[in-house]
file model_2.tsv (TSV, C-alpha atoms)
chain	number	residue	atom	x	y	z
A	1	MET	CA	-17.45	-1.61	0.56
A	2	ARG	CA	-20.97	-0.13	0.42
A	3	GLY	CA	-23.52	-2.87	0.96
A	4	LEU	CA	-20.81	-5.48	1.50
A	5	SER	CA	-22.37	-8.53	3.11
A	6	GLY	CA	-21.09	-10.13	6.27
A	7	CYS	CA	-20.75	-13.35	4.32
A	8	LEU	CA	-18.33	-11.85	1.83
A	9	LEU	CA	-16.36	-10.18	4.59
A	10	SER	CA	-15.99	-13.53	6.33
A	11	VAL	CA	-14.64	-14.99	3.10
A	12	ALA	CA	-12.29	-12.03	2.73
A	13	LEU	CA	-10.89	-12.58	6.20
A	14	ALA	CA	-9.97	-16.13	5.23
A	15	ALA	CA	-7.25	-14.77	2.91
A	16	GLY	CA	-3.87	-16.39	3.35
A	17	SER	CA	-4.17	-19.93	2.03
A	18	VAL	CA	-5.66	-21.87	-0.84
A	19	LEU	CA	-8.55	-24.00	0.33
A	20	ALA	CA	-8.16	-27.76	0.00
A	21	GLU	CA	-10.87	-28.29	-2.61
A	22	PRO	CA	-10.96	-30.44	-5.74
A	23	ALA	CA	-9.61	-28.89	-8.91
A	24	LEU	CA	-12.16	-27.56	-11.36
A	25	SER	CA	-12.47	-28.28	-15.06
A	26	ALA	CA	-10.85	-26.16	-17.74
A	27	ARG	CA	-14.30	-24.79	-18.63
A	28	GLN	CA	-15.00	-23.80	-15.02
A	29	TYR	CA	-11.63	-22.13	-14.59
A	30	GLY	CA	-12.17	-20.25	-17.84
A	31	GLU	CA	-15.64	-19.10	-16.78
A	32	ASP	CA	-14.32	-17.91	-13.42
A	33	PHE	CA	-11.59	-15.95	-15.18
A	34	ASP	CA	-14.19	-14.40	-17.48
A	35	THR	CA	-16.27	-13.35	-14.48
A	36	LEU	CA	-13.26	-11.60	-12.92
A	37	TRP	CA	-12.23	-9.93	-16.17
A	38	ARG	CA	-15.73	-8.62	-16.95
A	39	ALA	CA	-16.31	-7.36	-13.41
A	40	ILE	CA	-13.16	-5.27	-13.54
A	41	ASP	CA	-13.73	-4.19	-17.12
A	42	GLN	CA	-17.21	-2.90	-16.25
A	43	GLY	CA	-16.68	-1.68	-12.69
A	44	TYR	CA	-13.05	-0.72	-11.95
A	45	ALA	CA	-12.92	2.97	-11.09
A	46	TYR	CA	-9.40	3.84	-12.22
A	47	PHE	CA	-9.31	3.12	-15.94
A	48	ASP	CA	-8.33	6.72	-16.54
A	49	HIS	CA	-6.44	6.28	-19.78
A	50	ASP	CA	-5.86	3.46	-22.29
A	51	ARG	CA	-8.02	0.41	-21.50
A	52	ARG	CA	-6.51	-1.67	-24.27
A	53	ALA	CA	-3.97	-3.01	-21.78
A	54	TRP	CA	-6.81	-4.70	-19.87
A	55	SER	CA	-8.00	-6.34	-23.10
A	56	ARG	CA	-4.48	-7.70	-23.59
A	57	VAL	CA	-4.64	-9.14	-20.06
A	58	ARG	CA	-7.52	-11.34	-21.14
A	59	GLU	CA	-5.67	-12.45	-24.26
A	60	THR	CA	-2.59	-13.37	-22.21
A	61	TRP	CA	-4.03	-14.85	-19.04
A	62	ARG	CA	-7.30	-16.56	-19.96
A	63	PRO	CA	-5.61	-19.44	-21.82
A	64	ARG	CA	-3.41	-19.97	-18.75
A	65	ALA	CA	-6.48	-20.08	-16.52
A	66	ALA	CA	-8.03	-22.80	-18.68
A	67	LYS	CA	-4.80	-24.83	-18.42
A	68	ALA	CA	-4.65	-24.68	-14.62
A	69	VAL	CA	-4.52	-28.13	-13.07
A	70	THR	CA	-4.69	-27.16	-9.40
A	71	ARG	CA	-6.43	-24.46	-7.43
A	72	ALA	CA	-3.05	-22.99	-6.49
A	73	GLN	CA	-2.15	-22.67	-10.17
A	74	PHE	CA	-5.46	-20.94	-10.85
A	75	VAL	CA	-4.90	-18.47	-7.99
A	76	ALA	CA	-1.46	-17.71	-9.43
A	77	VAL	CA	-3.05	-16.96	-12.81
A	78	LEU	CA	-5.57	-14.57	-11.24
A	79	GLU	CA	-2.78	-12.85	-9.31
A	80	GLY	CA	-0.75	-12.48	-12.50
A	81	ALA	CA	-3.68	-10.90	-14.30
A	82	LEU	CA	-4.48	-8.47	-11.48
A	83	VAL	CA	-0.86	-7.37	-11.15
A	84	GLU	CA	-1.28	-5.67	-14.52
A	85	LEU	CA	-3.46	-3.04	-12.80
A	86	ARG	CA	-0.56	-1.98	-10.50
A	87	ASP	CA	-3.16	-1.35	-7.78
A	88	ASP	CA	-2.73	-2.69	-4.24
A	89	HIS	CA	-6.41	-2.08	-3.51
A	90	VAL	CA	-7.23	-4.99	-5.83
A	91	SER	CA	-6.96	-8.34	-4.08
A	92	LEU	CA	-8.12	-11.94	-3.81
A	93	SER	CA	-9.55	-13.72	-0.79
A	94	GLU	CA	-7.04	-16.55	-1.22
A	95	SER	CA	-3.35	-16.93	-1.81
A	96	ALA	CA	-1.10	-19.80	-2.82
A	97	PRO	CA	2.16	-20.87	-1.14
A	98	GLU	CA	4.14	-19.05	-3.83
A	99	SER	CA	1.96	-15.93	-3.83
A	100	PRO	CA	3.83	-12.64	-3.44
A	101	ARG	CA	3.44	-10.70	-0.22
A	102	ARG	CA	0.64	-8.15	-0.30
A	103	VAL	CA	1.57	-4.48	-0.03
A	104	PRO	CA	1.24	-3.01	2.52
A	105	VAL	CA	-0.39	-5.58	4.82
A	106	ASP	CA	2.30	-8.29	4.48
A	107	THR	CA	5.31	-5.98	4.15
A	108	ASP	CA	7.50	-3.90	6.42
A	109	ILE	CA	9.47	-1.51	4.17
A	110	TRP	CA	7.88	1.52	2.54
A	111	ALA	CA	10.09	3.12	-0.08
A	112	LEU	CA	9.66	5.53	-2.97
A	113	TRP	CA	11.71	7.30	-5.59
A	114	LYS	CA	13.03	10.78	-4.73
A	115	ASP	CA	15.26	12.67	-7.14
A	116	GLY	CA	16.27	9.44	-8.85
A	117	ALA	CA	17.11	7.56	-5.62
A	118	ALA	CA	15.18	4.72	-3.98
A	119	VAL	CA	14.59	6.02	-0.46
A	120	VAL	CA	13.22	4.11	2.54
A	121	GLU	CA	10.54	6.32	4.05
A	122	ALA	CA	9.24	4.01	6.80
A	123	VAL	CA	10.00	0.66	8.41
A	124	ARG	CA	7.43	-1.23	10.42
A	125	ALA	CA	8.46	-1.33	14.08
A	126	TYR	CA	9.74	-4.70	15.36
A	127	SER	CA	9.44	-6.23	11.90
A	128	ASP	CA	11.91	-8.45	10.04
A	129	ALA	CA	13.32	-5.40	8.26
A	130	ASP	CA	13.61	-3.44	11.51
A	131	VAL	CA	15.53	-6.31	13.13
A	132	ALA	CA	17.82	-6.52	10.07
A	133	GLY	CA	18.77	-2.86	10.45
A	134	VAL	CA	16.78	-1.22	7.66
A	135	ARG	CA	16.08	2.38	8.68
A	136	PRO	CA	14.07	5.32	7.33
A	137	GLY	CA	16.36	7.45	5.20
A	138	HIS	CA	18.38	4.53	3.81
A	139	LEU	CA	19.04	4.66	0.06
A	140	ILE	CA	18.45	1.28	-1.57
A	141	VAL	CA	21.25	0.37	-4.00
A	142	ARG	CA	20.59	-3.29	-4.77
A	143	ILE	CA	17.73	-5.75	-4.22
A	144	GLY	CA	18.33	-9.49	-4.47
A	145	GLY	CA	21.77	-8.89	-5.98
A	146	LEU	CA	20.41	-6.68	-8.77
A	147	PRO	CA	20.83	-2.92	-9.12
A	148	VAL	CA	17.65	-1.39	-7.75
A	149	GLU	CA	16.71	0.08	-11.15
A	150	ARG	CA	16.86	-3.36	-12.77
A	151	ALA	CA	14.92	-5.00	-9.94
A	152	VAL	CA	12.18	-2.42	-10.37
A	153	ARG	CA	12.08	-2.82	-14.13
A	154	ASN	CA	11.79	-6.59	-13.68
A	155	GLN	CA	8.71	-6.01	-11.52
A	156	LEU	CA	7.26	-4.01	-14.41
A	157	GLY	CA	7.95	-6.73	-16.96
A	158	GLY	CA	10.80	-4.78	-18.51
A	159	ALA	CA	8.83	-1.56	-18.93
A	160	VAL	CA	10.04	1.81	-17.68
A	161	GLY	CA	6.70	2.68	-16.12
A	162	THR	CA	5.20	5.89	-14.83
A	163	ALA	CA	6.36	7.50	-11.59
A	164	ARG	CA	3.45	5.87	-9.74
A	165	GLU	CA	4.21	2.47	-11.27
A	166	ARG	CA	7.90	2.76	-10.37
A	167	ASP	CA	7.03	3.47	-6.73
A	168	TRP	CA	4.64	0.49	-6.79
A	169	ALA	CA	7.32	-1.77	-8.29
A	170	LEU	CA	9.95	-0.64	-5.77
A	171	ARG	CA	7.75	-1.59	-2.83
A	172	HIS	CA	6.90	-4.96	-4.38
A	173	ALA	CA	10.56	-5.69	-5.05
A	174	LEU	CA	11.29	-4.95	-1.38
A	175	ALA	CA	8.43	-7.17	-0.19
A	176	GLY	CA	10.66	-10.18	-0.61
A	177	PRO	CA	9.72	-13.85	-0.51
A	178	ARG	CA	7.14	-15.45	1.77
A	179	SER	CA	10.04	-17.05	3.62
A	180	GLY	CA	13.81	-16.94	3.26
A	181	ALA	CA	16.26	-14.06	2.99
A	182	LEU	CA	15.82	-10.80	1.11
A	183	ALA	CA	19.28	-9.41	0.35
A	184	ILE	CA	19.50	-5.65	-0.06
A	185	GLU	CA	22.32	-3.12	-0.10
A	186	VAL	CA	21.96	0.38	1.25
A	187	ALA	CA	24.19	3.40	0.75
A	188	GLU	CA	26.05	4.23	3.92
A	189	GLY	CA	28.81	6.79	4.31
A	190	ARG	CA	31.02	6.59	1.24
A	191	GLY	CA	30.16	3.00	0.50
A	192	THR	CA	27.38	0.46	0.76
A	193	ARG	CA	26.24	-1.95	3.46
A	194	PRO	CA	24.61	-5.35	2.81
A	195	LEU	CA	21.56	-6.25	4.87
A	196	ASN	CA	19.75	-9.58	4.99
A	197	VAL	CA	16.07	-9.41	5.87
A	198	GLU	CA	15.11	-12.89	7.06
A	199	ARG	CA	11.55	-13.36	5.91
A	200	SER	CA	9.26	-15.67	7.84
A	201	ALA	CA	5.61	-16.55	7.64
A	202	THR	CA	3.28	-13.64	8.35
A	203	ARG	CA	2.65	-13.64	12.07
A	204	PRO	CA	-0.76	-13.03	13.62
A	205	VAL	CA	-1.33	-9.68	15.23
A	206	ASN	CA	-0.03	-9.64	18.80
A	207	GLY	CA	-2.10	-8.33	21.66
A	208	PRO	CA	-5.79	-7.54	21.95
A	209	PRO	CA	-7.66	-6.14	18.93
A	210	LEU	CA	-8.43	-2.93	20.79
A	211	VAL	CA	-6.76	-1.12	23.68
A	212	GLY	CA	-8.45	1.80	25.43
A	213	ARG	CA	-6.92	3.54	28.43
A	214	ARG	CA	-6.18	6.84	30.10
A	215	MET	CA	-2.68	8.29	29.90
A	216	GLY	CA	-0.70	11.41	30.79
A	217	GLU	CA	0.45	12.70	34.16
A	218	ASP	CA	-3.10	13.58	35.17
A	219	ARG	CA	-4.65	10.55	33.46
A	220	ASP	CA	-6.83	12.95	31.50
A	221	LEU	CA	-5.84	11.92	27.95
A	222	GLY	CA	-7.62	9.07	26.24
A	223	TYR	CA	-5.82	6.54	24.05
A	224	ILE	CA	-7.44	3.96	21.76
A	225	ARG	CA	-5.42	1.63	19.54
A	226	VAL	CA	-7.24	-0.48	16.93
A	227	LYS	CA	-5.43	-3.51	15.52
A	228	ALA	CA	-8.28	-5.75	14.35
A	229	SER	CA	-10.03	-5.51	11.00
A	230	LEU	CA	-13.17	-3.39	10.91
A	231	ALA	CA	-14.78	-6.39	9.25
A	232	ASP	CA	-15.10	-7.81	12.77
A	233	PRO	CA	-18.74	-7.03	13.64
A	234	GLU	CA	-17.87	-6.76	17.34
A	235	LEU	CA	-15.24	-4.06	16.87
A	236	THR	CA	-17.67	-1.16	16.49
A	237	ALA	CA	-19.26	-2.08	19.82
A	238	GLN	CA	-15.81	-2.30	21.40
A	239	ILE	CA	-14.90	1.17	20.12
A	240	ASP	CA	-18.21	2.51	21.42
A	241	HIS	CA	-17.47	1.04	24.83
A	242	ALA	CA	-13.95	2.50	24.88
A	243	LEU	CA	-15.25	5.96	23.93
A	244	ASP	CA	-17.89	5.77	26.66
A	245	ARG	CA	-15.24	4.92	29.24
A	246	LEU	CA	-13.02	7.77	28.04
A	247	ALA	CA	-15.78	10.39	28.07
A	248	GLY	CA	-14.62	13.44	29.97
A	249	THR	CA	-10.97	13.23	28.92
A	250	ARG	CA	-9.61	16.54	27.64
A	251	ALA	CA	-8.29	14.96	24.41
A	252	LEU	CA	-8.10	11.61	22.65
A	253	ILE	CA	-5.37	9.84	20.68
A	254	LEU	CA	-6.84	7.34	18.21
A	255	ASP	CA	-4.09	5.07	16.88
A	256	LEU	CA	-4.94	3.61	13.45
A	257	ARG	CA	-1.41	2.68	12.38
A	258	GLU	CA	-2.20	-1.03	12.21
A	259	LEU	CA	-5.66	-0.78	10.72
A	260	SER	CA	-6.09	-2.14	7.20
A	261	GLY	CA	-8.22	-4.55	5.26
A	262	PRO	CA	-11.83	-4.49	4.11
A	263	ALA	CA	-14.85	-3.09	5.94
A	264	SER	CA	-18.38	-2.09	5.15
A	265	SER	CA	-19.21	1.59	4.82
A	266	GLU	CA	-21.83	1.04	7.50
A	267	ALA	CA	-19.14	0.05	10.01
A	268	ILE	CA	-16.97	3.02	9.10
A	269	GLU	CA	-19.89	5.44	9.29
A	270	ALA	CA	-20.93	4.11	12.71
A	271	ILE	CA	-17.48	4.98	14.10
A	272	VAL	CA	-17.15	8.31	12.27
A	273	ALA	CA	-20.54	9.34	13.68
A	274	ARG	CA	-19.14	9.13	17.22
A	275	PHE	CA	-16.89	12.10	16.36
A	276	ALA	CA	-19.33	14.21	14.34
A	277	ALA	CA	-20.16	17.62	15.81
A	278	ALA	CA	-23.17	17.99	13.48
A	279	PRO	CA	-24.61	16.25	10.41
A	280	ALA	CA	-21.87	16.42	7.78
A	281	ALA	CA	-20.32	14.72	4.76
A	282	TRP	CA	-17.46	12.40	5.64
A	283	GLN	CA	-16.50	11.51	2.07
A	284	LEU	CA	-17.41	11.97	-1.58
A	285	ARG	CA	-17.73	9.00	-3.95
A	286	GLU	CA	-17.45	9.26	-7.71
A	287	ALA	CA	-18.95	6.62	-10.00
A	288	ARG	CA	-17.56	5.62	-13.39
A	289	ASN	CA	-19.91	8.13	-15.07
A	290	GLY	CA	-18.38	10.98	-13.06
A	291	LYS	CA	-21.38	11.51	-10.78
A	292	ARG	CA	-20.41	12.35	-7.20
A	293	THR	CA	-22.34	11.40	-4.09
A	294	ALA	CA	-21.77	12.82	-0.62
A	295	ASP	CA	-21.86	10.23	2.16
A	296	THR	CA	-23.06	11.86	5.36
A	297	VAL	CA	-23.27	11.01	9.04
A	298	ALA	CA	-25.12	12.51	11.98
A	299	PRO	CA	-23.85	12.50	15.58
A	300	ARG	CA	-24.47	9.13	17.19
A	301	ALA	CA	-24.80	8.09	20.84
A	302	ALA	CA	-22.65	10.52	22.86
A	303	PRO	CA	-20.21	12.01	20.31
A	304	TYR	CA	-16.67	12.67	21.52
A	305	ARG	CA	-16.34	16.48	21.56
A	306	ALA	CA	-12.80	17.09	22.84
A	307	PRO	CA	-9.82	17.43	20.43
A	308	VAL	CA	-8.66	14.22	18.73
A	309	ALA	CA	-5.33	13.23	17.21
A	310	VAL	CA	-5.59	10.34	14.74
A	311	LEU	CA	-2.25	8.51	14.36
A	312	VAL	CA	-1.57	7.20	10.85
A	313	ASP	CA	1.33	5.83	8.85
A	314	ARG	CA	2.05	3.90	5.67
A	315	TRP	CA	0.33	0.81	7.12
A	316	THR	CA	-2.93	2.64	7.67
A	317	ALA	CA	-4.62	1.22	4.60
A	318	GLY	CA	-8.02	0.81	2.98
A	319	ALA	CA	-10.67	0.99	5.68
A	320	GLY	CA	-8.11	2.60	7.99
A	321	GLU	CA	-7.63	5.45	5.53
A	322	ALA	CA	-11.36	5.89	5.09
A	323	LEU	CA	-11.90	6.03	8.85
A	324	ALA	CA	-9.02	8.45	9.47
A	325	VAL	CA	-10.04	10.88	6.76
A	326	GLY	CA	-13.72	10.63	7.72
A	327	ILE	CA	-13.06	11.48	11.37
A	328	ALA	CA	-10.86	14.41	10.37
A	329	ALA	CA	-13.58	15.65	8.02
A	330	VAL	CA	-16.46	15.71	10.51
A	331	GLY	CA	-14.89	16.13	13.94
A	332	ASN	CA	-12.42	18.14	15.97
A	333	ALA	CA	-9.60	15.92	14.78
A	334	ARG	CA	-6.19	16.20	13.17
A	335	LEU	CA	-4.16	13.50	11.48
A	336	VAL	CA	-0.65	12.98	12.88
A	337	GLY	CA	2.04	10.83	11.27
A	338	THR	CA	3.25	9.99	7.79
A	339	ALA	CA	1.22	9.81	4.62
A	340	MET	CA	-0.98	6.71	4.57
A	341	ALA	CA	-0.86	3.74	2.18
A	342	GLY	CA	-2.72	5.68	-0.50
A	343	LEU	CA	-5.00	2.83	-1.56
A	344	ARG	CA	-7.40	4.41	-4.02
A	345	GLY	CA	-11.16	4.26	-3.92
A	346	GLU	CA	-13.93	2.33	-2.24
A	347	ASP	CA	-14.01	-1.35	-3.02
A	348	SER	CA	-16.70	-3.87	-3.86
A	349	ASP	CA	-16.68	-7.65	-4.18
A	350	VAL	CA	-17.40	-10.22	-6.83
A	351	ARG	CA	-17.50	-13.94	-6.07
A	352	LEU	CA	-16.32	-16.25	-8.84
A	353	PRO	CA	-19.12	-18.77	-9.47
A	354	HIS	CA	-17.20	-22.05	-9.48
A	355	SER	CA	-14.18	-21.53	-7.22
A	356	GLY	CA	-15.94	-19.21	-4.78
A	357	ILE	CA	-12.88	-16.95	-4.71
A	358	VAL	CA	-13.77	-13.34	-3.87
A	359	VAL	CA	-12.15	-10.50	-5.80
A	360	ARG	CA	-12.10	-7.03	-4.25
A	361	PHE	CA	-11.47	-3.90	-6.32
A	362	PRO	CA	-12.36	-0.21	-6.19
A	363	THR	CA	-15.57	0.68	-7.99
A	364	HIS	CA	-15.80	4.32	-6.83
A	365	LYS	CA	-13.18	7.02	-6.55
A	366	THR	CA	-13.16	8.59	-3.11
A	367	PHE	CA	-12.48	12.14	-1.94
A	368	HIS	CA	-12.29	14.21	1.19
A	369	PRO	CA	-15.39	16.45	1.29
A	370	ASP	CA	-13.16	19.35	0.18
A	371	GLY	CA	-12.49	17.50	-3.10
A	372	THR	CA	-9.00	16.17	-2.33
A	373	PRO	CA	-8.59	12.56	-3.52
A	374	ARG	CA	-8.43	10.44	-0.39
A	375	GLU	CA	-5.14	8.87	-1.44
A	376	ALA	CA	-3.60	12.36	-1.56
A	377	VAL	CA	-4.70	13.44	1.93
A	378	LYS	CA	-1.68	14.23	4.14
A	379	PRO	CA	-1.59	14.56	7.93
A	380	ALA	CA	-1.94	18.05	9.38
A	381	ILE	CA	1.13	17.20	11.47
A	382	LEU	CA	3.49	15.40	9.11
A	383	VAL	CA	6.27	13.36	10.73
A	384	ASP	CA	9.51	12.63	8.85
A	385	LEU	CA	10.65	9.28	10.26
A	386	ALA	CA	14.11	9.74	8.73
A	387	ALA	CA	14.62	12.88	10.83
A	388	PRO	CA	12.08	12.73	13.67
A	389	GLN	CA	11.75	15.69	15.99
A	390	ALA	CA	11.96	13.56	19.11
A	391	GLY	CA	14.25	11.26	21.00
A	392	PRO	CA	14.18	7.45	20.94
A	393	GLY	CA	10.79	5.82	20.95
A	394	ASP	CA	7.67	6.54	18.95
A	395	PRO	CA	8.03	9.88	17.11
A	396	ILE	CA	4.42	9.87	15.87
A	397	LEU	CA	2.98	9.34	19.33
A	398	TYR	CA	5.41	11.95	20.63
A	399	GLN	CA	4.02	14.57	18.25
A	400	ALA	CA	0.46	13.74	19.31
A	401	LEU	CA	1.35	14.10	22.99
A	402	LYS	CA	3.13	17.35	22.23
A	403	LEU	CA	-0.03	18.60	20.55
A	404	PHE	CA	-1.91	18.19	23.81
A	405	GLU	CA	0.72	19.62	26.16
A	406	ARG	CA	-0.69	21.97	28.72
A	407	LYS	CA	0.38	25.53	28.00
call {"tool": "encode", "arguments": {"input": "model_2.tsv", "output": "structure tokens"}}
result
Amino acid sequence: MRGLSGCLLSVALAAGSVLAEPALSARQYGEDFDTLWRAIDQGYAYFDHDRRAWSRVRETWRPRAAKAVTRAQFVAVLEGALVELRDDHVSLSESAPESPRRVPVDTDIWALWKDGAAVVEAVRAYSDADVAGVRPGHLIVRIGGLPVERAVRNQLGGAVGTARERDWALRHALAGPRSGALAIEVAEGRGTRPLNVERSATRPVNGPPLVGRRMGEDRDLGYIRVKASLADPELTAQIDHALDRLAGTRALILDLRELSGPASSEAIEAIVARFAAAPAAWQLREARNGKRTADTVAPRAAPYRAPVAVLVDRWTAGAGEALAVGIAAVGNARLVGTAMAGLRGEDSDVRLPHSGIVVRFPTHKTFHPDGTPREAVKPAILVDLAAPQAGPGDPILYQALKLFERK
């Protein structure tokens, strides 16, 4: 993210379809693949163990890149190569019609393995899965007609995988097709229940990109919801304006549950600085050589001084995670909700020379200033969506409002 140009961000925001451009030559496709492979080989931050697997990726996928006839085929080759990293913070600026859904941005079920069972932890509100009846706490028994264990192993190419890889594979198996039905079975009572999640094309975000208003009986609580990407250069100004209008409220709820995607560090720092009580580090970055750098901010404009609750969930991803953790690190703020997406690191871009496709991948590990890896940061007020401590409605927002109840 650091130093990311507006041009590259604009390209990144175009993700979702393969551009209608002439096919390239086998040499050009091969050179583009080489550029991607070398960039990750030299810059990817999370080669913690055996890197021979990445060498095998080149052996397997480069010949396929050179045989690509269409741009869509070439994109599919790049996607196949990047899948080997098992890292959802690695992405392309384009997708093909048959591309898998991206986790978490294009998905609505968050599941993980607990004590040998595949457990649904969260379901995106009003999503296809929500409408189909998938609920937090459900145990997944089958996916697409296969026992869940086999479906997960298929995602891993037949391998058993580590615990982290098995969680990754479970969520990708539950992502389902771009369109059509995803058939799953969940354990219910003494038996199982089939559910059909009717997948449709990813819909654009509904409503305005930012909502700022007063709430509460006395209209003395501020509420800001951010739904647009922080790559939008106008969003920082919109957040500034909302904070100015909400100055004087006794507390603020900042809702980042639909904030994901790329952003420059400059944009994140500009927002974090509005909550800083004094000059402070908002994150630590670690380069491949192990050297750590503290990124700091100083109070900007008229910093918001009253208590802040930052709402997060499994769809708070990438820039959303960086912003949430940064605000909690420098201001009078607490995170409220579930764990976040856990996308690791701070990403950078490389543009492939012939196709112009942009590849994003983490080049620095990131940490809370106390040394906790950012992907491991948990909310101070952790909400279990399978057993929420509230009635019908929004249990995460409920906990934030409860935090600010008058005594």
call {"tool": "closest_atom_pairs", "arguments": {"input": "model_2.tsv", "of": "region 213-323 of chain A", "to": "region 93-110 of chain A", "cutoff": "10 Å", "atoms": "all atoms listed in the file", "output": "CSV"}}
result
residue,atom,partner,partner_atom,distance
A:Glu258,CA,A:Val105,CA,8.9
A:Leu259,CA,A:Val105,CA,9.3
A:Ser260,CA,A:Val105,CA,7.1
A:Gly261,CA,A:Val105,CA,7.9
A:Arg314,CA,A:Trp110,CA,7.0
A:Trp315,CA,A:Pro104,CA,6.0
A:Thr316,CA,A:Pro104,CA,8.7
A:Ala317,CA,A:Pro104,CA,7.5
call {"tool": "residues_around", "arguments": {"input": "model_2.tsv", "residues": "region 381-398 of chain A", "least_positions_apart": "5", "cutoff": "8 Å", "atoms": "all atoms listed in the file", "output": "tab-separated table (two decimals) with C-alpha atoms, keeping the file's coordinate frame"}}
result
chain	number	residue	atom	x	y	z
A	121	GLU	CA	10.54	6.32	4.05
A	122	ALA	CA	9.24	4.01	6.80
A	135	ARG	CA	16.08	2.38	8.68
A	136	PRO	CA	14.07	5.32	7.33
A	137	GLY	CA	16.36	7.45	5.20
A	311	LEU	CA	-2.25	8.51	14.36
A	334	ARG	CA	-6.19	16.20	13.17
A	335	LEU	CA	-4.16	13.50	11.48
A	336	VAL	CA	-0.65	12.98	12.88
A	337	GLY	CA	2.04	10.83	11.27
A	338	THR	CA	3.25	9.99	7.79
A	339	ALA	CA	1.22	9.81	4.62
call {"tool": "residues_around", "arguments": {"input": "model_2.tsv", "residues": "Leu182 (chain A)", "least_positions_apart": "3", "cutoff": "9 Å", "atoms": "all atoms listed in the file", "output": "VMD selection string"}}
result
chain A and resid 143 to 144 174 to 177 179 195 to 199
call {"tool": "closest_residue", "arguments": {"input": "model_2.tsv", "among": "A:Ala273, A:Gly290, A:Leu343, A:Lys365", "to": "Ala328 (chain A)", "atoms": "all atoms listed in the file"}}
result
A:Ala273
call {"tool": "closest_residue", "arguments": {"input": "model_2.tsv", "among": "A:Leu256, A:Ala267, A:Val120, A:Ala45", "to": "Glu346 (chain A)", "atoms": "all atoms listed in the file"}}
result
A:Ala45
call {"tool": "residues_around", "arguments": {"input": "model_2.tsv", "residues": "Arg213 (chain A)", "least_positions_apart": "4", "cutoff": "9 Å", "atoms": "all atoms listed in the file", "output": "ChimeraX atom specification"}}
result
/A:219,221-224,242,245-246
call {"tool": "atom_distance", "arguments": {"input": "model_2.tsv", "atom1": "CA of Pro362 (chain A)", "atom2": "CA of Ala72 (chain A)"}}
result
24.6 Å
call {"tool": "residues_around", "arguments": {"input": "model_2.tsv", "residues": "Trp168 (chain A)", "least_positions_apart": "3", "cutoff": "10 Å", "atoms": "all atoms listed in the file", "output": "MDAnalysis selection string"}}
result
chainID A and resid 86:88 103 110:113 152 155:156 161:165 171:173
